[in-house]
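What follows is the content of model_14.csv (CSV, C-alpha atoms and all ligand atoms).
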```csv
chain,number,residue,atom,x,y,z
L,1,MET,CA,2.0,-26.5,-11.7
L,2,ARG,CA,4.3,-23.5,-11.7
L,3,GLN,CA,6.1,-23.0,-8.4
L,4,PHE,CA,7.8,-19.9,-6.9
L,5,LYS,CA,9.8,-18.9,-3.9
L,6,LEU,CA,8.9,-16.2,-1.4
L,7,ASP,CA,11.5,-13.7,-0.3
L,8,ASN,CA,12.9,-14.1,3.3
L,9,ARG,CA,10.5,-11.5,4.7
L,10,LEU,CA,7.3,-13.1,3.4
L,11,GLN,CA,8.7,-16.6,4.0
L,12,THR,CA,9.0,-15.7,7.7
L,13,CYS,CA,5.4,-14.6,7.7
L,14,ALA,CA,4.5,-17.9,6.1
L,15,ASP,CA,6.5,-19.8,8.8
L,16,PHE,CA,4.6,-18.0,11.6
L,17,ILE,CA,1.2,-19.0,10.2
L,18,THR,CA,-0.4,-22.1,11.9
L,19,ALA,CA,-0.9,-24.9,9.4
L,20,GLY,CA,-4.5,-25.3,8.5
L,21,ALA,CA,-5.5,-21.8,9.7
L,22,LYS,CA,-8.0,-19.6,7.7
L,23,ILE,CA,-6.0,-16.5,7.0
L,24,ALA,CA,-6.7,-13.0,5.8
L,25,ASP,CA,-3.8,-11.2,4.2
L,26,ILE,CA,-4.5,-7.4,4.6
L,27,GLY,CA,-2.7,-5.3,2.0
L,28,THR,CA,-2.0,-8.3,0.0
L,29,ASP,CA,-0.8,-6.5,-3.2
L,30,HIS,CA,0.4,-9.3,-5.5
L,31,ALA,CA,-1.2,-12.0,-3.2
L,32,TYR,CA,2.0,-14.0,-3.2
L,33,LEU,CA,1.8,-15.0,0.4
L,34,PRO,CA,-1.7,-16.6,0.3
L,35,ILE,CA,-0.9,-18.2,-3.1
L,36,TRP,CA,2.3,-19.7,-1.8
L,37,LEU,CA,0.5,-21.0,1.4
L,38,VAL,CA,-2.2,-22.7,-0.7
L,39,MET,CA,0.2,-24.1,-3.3
L,40,ASN,CA,2.4,-25.6,-0.6
L,41,ASN,CA,-0.6,-27.1,1.2
L,42,LYS,CA,0.0,-25.1,4.4
L,43,ILE,CA,-3.6,-23.7,4.3
L,44,LYS,CA,-6.7,-24.6,2.3
L,45,SER,CA,-8.2,-21.2,1.8
L,46,ALA,CA,-7.6,-17.5,2.4
L,47,VAL,CA,-9.0,-14.0,2.0
L,48,ALA,CA,-6.6,-11.7,0.1
L,49,SER,CA,-7.6,-8.0,0.6
L,50,ASP,CA,-6.3,-4.6,-0.4
L,51,LEU,CA,-7.6,-1.1,-0.2
L,52,ASN,CA,-6.6,-0.3,-3.8
L,53,ILE,CA,-8.0,-1.6,-7.1
L,54,LEU,CA,-4.7,-2.0,-8.9
L,55,PRO,CA,-3.1,-4.4,-6.4
L,56,LEU,CA,-6.3,-6.4,-6.4
L,57,LYS,CA,-6.2,-6.7,-10.2
L,58,LYS,CA,-2.6,-7.9,-9.9
L,59,ALA,CA,-3.7,-10.4,-7.2
L,60,GLU,CA,-6.5,-11.6,-9.4
L,61,GLU,CA,-4.1,-12.2,-12.3
L,62,ASN,CA,-1.8,-14.1,-10.0
L,63,LEU,CA,-4.6,-16.3,-8.7
L,64,LYS,CA,-5.4,-17.3,-12.3
L,65,LYS,CA,-1.7,-17.8,-13.2
L,66,TYR,CA,-1.2,-20.2,-10.3
L,67,ASN,CA,-4.6,-21.8,-10.6
L,68,VAL,CA,-5.8,-21.1,-7.0
L,69,GLU,CA,-8.9,-19.0,-7.8
L,70,ASP,CA,-11.2,-21.5,-5.9
L,71,ASN,CA,-9.1,-21.2,-2.7
L,72,ILE,CA,-8.5,-17.5,-2.3
L,73,LYS,CA,-11.2,-14.9,-2.1
L,74,ILE,CA,-10.4,-11.4,-3.1
L,75,VAL,CA,-12.0,-8.6,-1.1
L,76,GLN,CA,-11.5,-4.8,-1.5
L,77,SER,CA,-11.3,-3.5,2.1
L,78,ASP,CA,-9.9,-0.6,4.0
L,79,GLY,CA,-8.0,-2.5,6.7
L,80,LEU,CA,-10.3,-5.1,8.3
L,81,THR,CA,-13.5,-3.1,7.7
L,82,ARG,CA,-15.0,-5.5,5.1
L,83,ILE,CA,-13.5,-8.7,6.4
L,84,ASN,CA,-15.9,-11.3,7.8
L,85,PRO,CA,-14.5,-12.4,11.2
L,86,HIS,CA,-16.0,-15.9,10.7
L,87,GLU,CA,-13.8,-16.5,7.6
L,88,VAL,CA,-10.6,-15.8,9.5
L,89,ASP,CA,-8.5,-17.4,12.3
L,90,GLU,CA,-5.2,-15.5,11.7
L,91,ILE,CA,-4.6,-12.1,10.2
L,92,VAL,CA,-1.4,-11.1,8.3
L,93,ILE,CA,-0.5,-7.4,7.9
L,94,ALA,CA,2.8,-7.1,6.2
L,95,GLY,CA,4.8,-4.5,4.3
L,96,MET,CA,3.1,-1.4,6.0
L,97,GLY,CA,4.2,1.1,8.6
L,98,GLY,CA,3.7,0.3,12.2
L,99,GLU,CA,1.3,3.2,12.7
L,100,LEU,CA,-1.0,2.1,9.9
L,101,ILE,CA,-0.9,-1.5,11.2
L,102,SER,CA,-2.0,-0.4,14.6
L,103,GLN,CA,-4.8,1.8,13.1
L,104,ILE,CA,-6.0,-1.2,11.1
L,105,ILE,CA,-6.1,-3.4,14.3
L,106,ASP,CA,-7.7,-0.7,16.3
L,107,GLY,CA,-10.5,-0.3,13.6
L,108,ALA,CA,-11.8,-3.8,14.2
L,109,SER,CA,-12.9,-4.6,17.7
L,110,TRP,CA,-13.6,-8.3,16.8
L,111,VAL,CA,-9.8,-8.9,16.6
L,112,LYS,CA,-9.7,-8.6,20.4
L,113,LYS,CA,-13.2,-10.1,21.1
L,114,GLU,CA,-12.5,-13.2,19.1
L,115,LYS,CA,-8.8,-13.4,19.9
L,116,LYS,CA,-7.6,-13.6,16.3
L,117,ARG,CA,-3.9,-14.3,16.0
L,118,LEU,CA,-1.9,-11.6,14.3
L,119,ILE,CA,1.2,-12.0,12.1
L,120,LEU,CA,2.7,-8.5,11.7
L,121,GLN,CA,5.6,-7.3,9.6
L,122,PRO,CA,6.1,-3.5,9.9
L,123,VAL,CA,8.4,-1.7,7.6
L,124,SER,CA,8.8,1.2,10.0
L,125,SER,CA,7.9,2.4,13.5
L,126,GLU,CA,8.1,-1.2,14.9
L,127,SER,CA,8.8,0.1,18.4
L,128,ASP,CA,5.5,2.1,18.3
L,129,LEU,CA,3.7,-1.0,17.1
L,130,ARG,CA,5.1,-3.1,20.0
L,131,ILE,CA,4.0,-0.4,22.4
L,132,TYR,CA,0.5,-0.2,20.9
L,133,LEU,CA,0.2,-4.0,21.2
L,134,ARG,CA,1.3,-4.0,24.9
L,135,ASP,CA,-0.9,-1.0,25.8
L,136,ASN,CA,-3.9,-2.7,24.2
L,137,LYS,CA,-3.4,-6.0,26.1
L,138,PHE,CA,-2.0,-8.0,23.2
L,139,LYS,CA,0.9,-10.3,24.0
L,140,LEU,CA,3.8,-10.8,21.6
L,141,GLN,CA,4.1,-14.6,21.1
L,142,ARG,CA,7.3,-14.7,19.0
L,143,GLU,CA,9.5,-12.5,16.9
L,144,ARG,CA,12.2,-13.1,14.4
L,145,ALA,CA,14.5,-10.7,12.5
L,146,VAL,CA,15.1,-11.4,8.8
L,147,LEU,CA,17.3,-10.0,6.1
L,148,SER,CA,15.5,-9.5,2.7
L,149,PHE,CA,17.0,-7.6,-0.3
L,150,GLY,CA,19.6,-6.1,1.9
L,151,ARG,CA,17.2,-4.7,4.6
L,152,ILE,CA,16.5,-6.0,8.0
L,153,TYR,CA,12.9,-6.5,9.0
L,154,THR,CA,11.2,-8.1,12.0
L,155,VAL,CA,8.1,-10.3,11.9
L,156,PHE,CA,6.1,-11.0,15.0
L,157,SER,CA,3.0,-12.7,16.1
L,158,ALA,CA,0.6,-11.4,18.8
L,159,ILE,CA,-2.7,-12.3,20.4
L,160,TYR,CA,-5.1,-10.4,22.6
L,161,THR,CA,-5.0,-11.6,26.2
L,162,GLY,CA,-7.2,-9.0,28.0
L,163,LYS,CA,-4.4,-8.6,30.6
L,164,PHE,CA,-1.8,-5.9,30.7
L,165,ASN,CA,1.4,-7.8,30.1
L,166,LYS,CA,4.2,-6.2,32.0
L,167,THR,CA,7.3,-5.7,29.9
L,168,GLU,CA,11.0,-4.8,30.6
L,169,ILE,CA,12.4,-1.4,29.9
L,170,GLU,CA,14.0,-2.5,26.6
L,171,TYR,CA,10.7,-4.1,25.2
L,172,PRO,CA,9.9,-1.3,22.6
L,173,TYR,CA,13.3,-1.8,21.0
L,174,VAL,CA,13.7,-5.6,21.4
L,175,GLY,CA,10.3,-7.1,21.5
L,176,LYS,CA,10.7,-10.9,21.7
L,177,LEU,CA,13.8,-11.0,19.5
L,178,TYR,CA,16.0,-12.4,22.3
L,179,GLU,CA,14.0,-15.7,22.2
L,180,GLU,CA,14.9,-16.5,18.5
L,181,ILE,CA,18.2,-14.6,18.4
L,182,ASN,CA,20.4,-15.0,15.3
L,183,LYS,CA,23.0,-13.0,13.5
L,184,THR,CA,20.4,-10.8,11.8
L,185,SER,CA,18.7,-10.0,15.1
L,186,VAL,CA,22.2,-8.9,16.4
L,187,GLU,CA,22.5,-6.5,13.5
L,188,TYR,CA,19.0,-5.2,14.2
L,189,LEU,CA,19.8,-4.7,17.9
L,190,LYS,CA,23.0,-2.8,17.0
L,191,ARG,CA,20.9,-0.5,14.9
L,192,GLN,CA,18.6,0.0,17.9
L,193,ILE,CA,21.6,0.9,20.0
L,194,LYS,CA,22.7,3.5,17.4
L,195,ASP,CA,19.2,4.9,17.4
L,196,LEU,CA,19.2,5.3,21.2
L,197,GLU,CA,22.7,6.8,21.2
L,198,ASN,CA,21.4,9.4,18.6
L,199,GLN,CA,18.4,10.1,20.8
L,200,ASN,CA,20.8,10.7,23.7
L,201,LYS,CA,22.8,13.3,21.8
L,202,GLY,CA,19.5,15.3,21.8
L,203,ASN,CA,18.7,14.5,25.4
L,204,LEU,CA,22.2,15.8,26.4
L,205,LEU,CA,21.6,19.1,24.5
L,206,ARG,CA,18.1,19.5,26.1
L,207,LYS,CA,19.4,18.4,29.5
L,208,ASN,CA,16.8,15.7,29.6
L,209,LYS,CA,18.4,13.6,32.3
L,210,GLU,CA,15.5,11.2,32.8
L,211,ASP,CA,15.4,10.0,29.2
L,212,TYR,CA,19.1,10.1,28.9
L,213,PHE,CA,19.7,7.7,31.8
L,214,SER,CA,16.7,5.5,30.8
L,215,ASN,CA,18.2,5.2,27.3
L,216,LEU,CA,21.6,4.3,28.8
L,217,CYS,CA,20.0,1.6,30.8
L,218,ILE,CA,18.2,0.2,27.7
L,219,ILE,CA,21.5,0.3,25.7
L,220,LYS,CA,23.2,-1.7,28.5
L,221,ARG,CA,20.5,-4.3,28.4
L,222,ILE,CA,20.6,-4.6,24.7
L,223,LYS,CA,24.4,-5.0,24.8
L,224,LYS,CA,23.9,-7.8,27.3
L,225,ILE,CA,21.5,-9.6,25.0
L,226,ILE,CA,24.1,-9.4,22.2
L,227,SER,CA,27.0,-10.5,24.4
L,228,ASP,CA,25.0,-13.4,25.8
L,229,PHE,CA,24.4,-14.6,22.2
L,230,GLY,CA,28.2,-14.3,21.8
L,231,GLY,CA,27.8,-11.5,19.2
L,232,GLU,CA,30.2,-9.0,20.6
L,233,ASN,CA,31.8,-8.6,24.0
L,234,PHE,CA,30.1,-5.3,24.9
L,235,GLU,CA,30.3,-6.2,28.6
L,236,ARG,CA,34.0,-5.5,28.7
L,237,GLU,CA,33.6,-2.2,26.9
L,238,SER,CA,31.0,-0.7,29.2
J,1,LIG,C1,4.0,-2.5,0.2
J,1,LIG,S1,2.6,-3.3,-0.1
J,1,LIG,C2,2.8,-4.8,0.8
J,1,LIG,C3,2.4,-6.0,0.1
J,1,LIG,C4,2.5,-7.4,0.8
J,1,LIG,N1,1.7,-7.4,2.0
J,1,LIG,C5,4.0,-7.6,1.2
J,1,LIG,O1,4.3,-7.5,2.4
J,1,LIG,O2,4.8,-7.8,0.3
J,1,LIG,C6,1.3,-2.5,0.8
J,1,LIG,C7,-0.1,-2.8,0.4
J,1,LIG,O3,-1.0,-2.3,1.3
J,1,LIG,C8,-2.1,-1.7,0.7
J,1,LIG,N2,-2.8,-0.8,1.7
J,1,LIG,C9,-2.4,0.4,2.1
J,1,LIG,N3,-3.2,0.9,3.0
J,1,LIG,C10,-4.2,-0.1,3.2
J,1,LIG,C11,-5.3,-0.2,4.0
J,1,LIG,N4,-5.7,0.8,4.8
J,1,LIG,N5,-6.1,-1.3,3.9
J,1,LIG,C12,-5.7,-2.3,3.1
J,1,LIG,N6,-4.6,-2.3,2.3
J,1,LIG,C13,-3.9,-1.2,2.3
J,1,LIG,C14,-1.5,-1.0,-0.5
J,1,LIG,O4,-2.5,-0.9,-1.5
J,1,LIG,C15,-0.4,-2.1,-0.9
J,1,LIG,O5,-0.9,-3.0,-1.9
```
Turn this file's structure into structure tokens for me.
Amino acid sequence: MRQFKLDNRLQTCADFITAGAKIADIGTDHAYLPIWLVMNNKIKSAVASDLNILPLKKAEENLKKYNVEDNIKIVQSDGLTRINPHEVDEIVIAGMGGELISQIIDGASWVKKEKKRLILQPVSSESDLRIYLRDNKFKLQRERAVLSFGRIYTVFSAIYTGKFNKTEIEYPYVGKLYEEINKTSVEYLKRQIKDLENQNKGNLLRKNKEDYFSNLCIIKRIKKIISDFGGENFERES
């Protein structure tokens, strides 16, 4: 049987999936993730879904190519609207913007009711997605930063708890990265610091003192996470 490798981003999604889980890959495109998971015996079956017909055709061709047509069901669906909750334990939504990911989760109340585990990989607005999850009583379980084709992404898993999970001030920018910190997370965190510093240029101009000082506090905390990891001695600088 032909084998293939996933890129680091999809490989991290694959690492986060529980062995033996029934998964739905929303916005599957080429369906590489579910195909890889089946071929590597991590899961037995999956639902691969996409909104658009062209990606689904591509997915279908790949299922044939890798001989996994009996294990993976293809469904055309806008988000989770046409996914049968009983066929799914864990849901992967990768390669989309954070806002679209939160809209997709929001559109299916069964995700909360049945406490389906989510594996999410936003390509933008990840701070907004973290805030959406917290405000909707999901708890981040783990998060890892990953370098893929020269870009840094983060992958996280989350589950509905029904309780408001109190978070620290830096949460929207850091999520749970501090628990699985590596050199890539440090690069990601430095980018977050730059972002906050840029925001603060605007805050200074607008004399928005509250946001300015709040951002300074977040920057200080992120620098501490980096220096605790041994990344850079920011403590001495500030
Ligand atoms: C950039 S691709 C990501 C493919 C794959 N998940 C990955 O991470 O490599 C985004 C895919 O999401 C699909 N998509 C966009 N909006 C969607 C929606 N509302 N519901 C389902 N799929 C959607 C697109 O058709 C496209 O195939």
Practice task
Check which residues fall inside 7 Å of ligand LIG 1 (chain J) when counting all atoms listed in the file, and print them as a list of chain:residue names.
Solution key: L:Leu10, L:Ile26, L:Gly27, L:Thr28, L:Asp29, L:His30, L:Ser49, L:Asp50, L:Leu51, L:Asn52, L:Pro55, L:Ser77, L:Asp78, L:Gly79, L:Ile93, L:Ala94, L:Gly95, L:Met96, L:Ile104
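For the set L:Ser214, L:Ser102, L:Ser157, L:Gln141, the residue with the smallest atom-to-atom gap to Ile169 of chain L is L:Ser214, counting only C-alpha atoms.
For the pair atom CA of Thr167 of chain L and atom CA of Phe213 of chain L, the interatomic distance is 18.4 Å.
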Problem - Nearest candidate to Glu60 of chain L (options L:Pro34, L:Asn41, L:Lys163, L:Pro85; using all atoms listed in the file) - result: L:Pro34
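Proximity ranking of L:Arg2, L:Lys194, L:Lys42, L:Lys139 relative to Phe156 of chain L places L:Lys139 first, based on all atoms listed in the file.
One distance worth recording is that between atom CA of Lys112 of chain L and atom CA of His86 of chain L, which is 13.7 Å.
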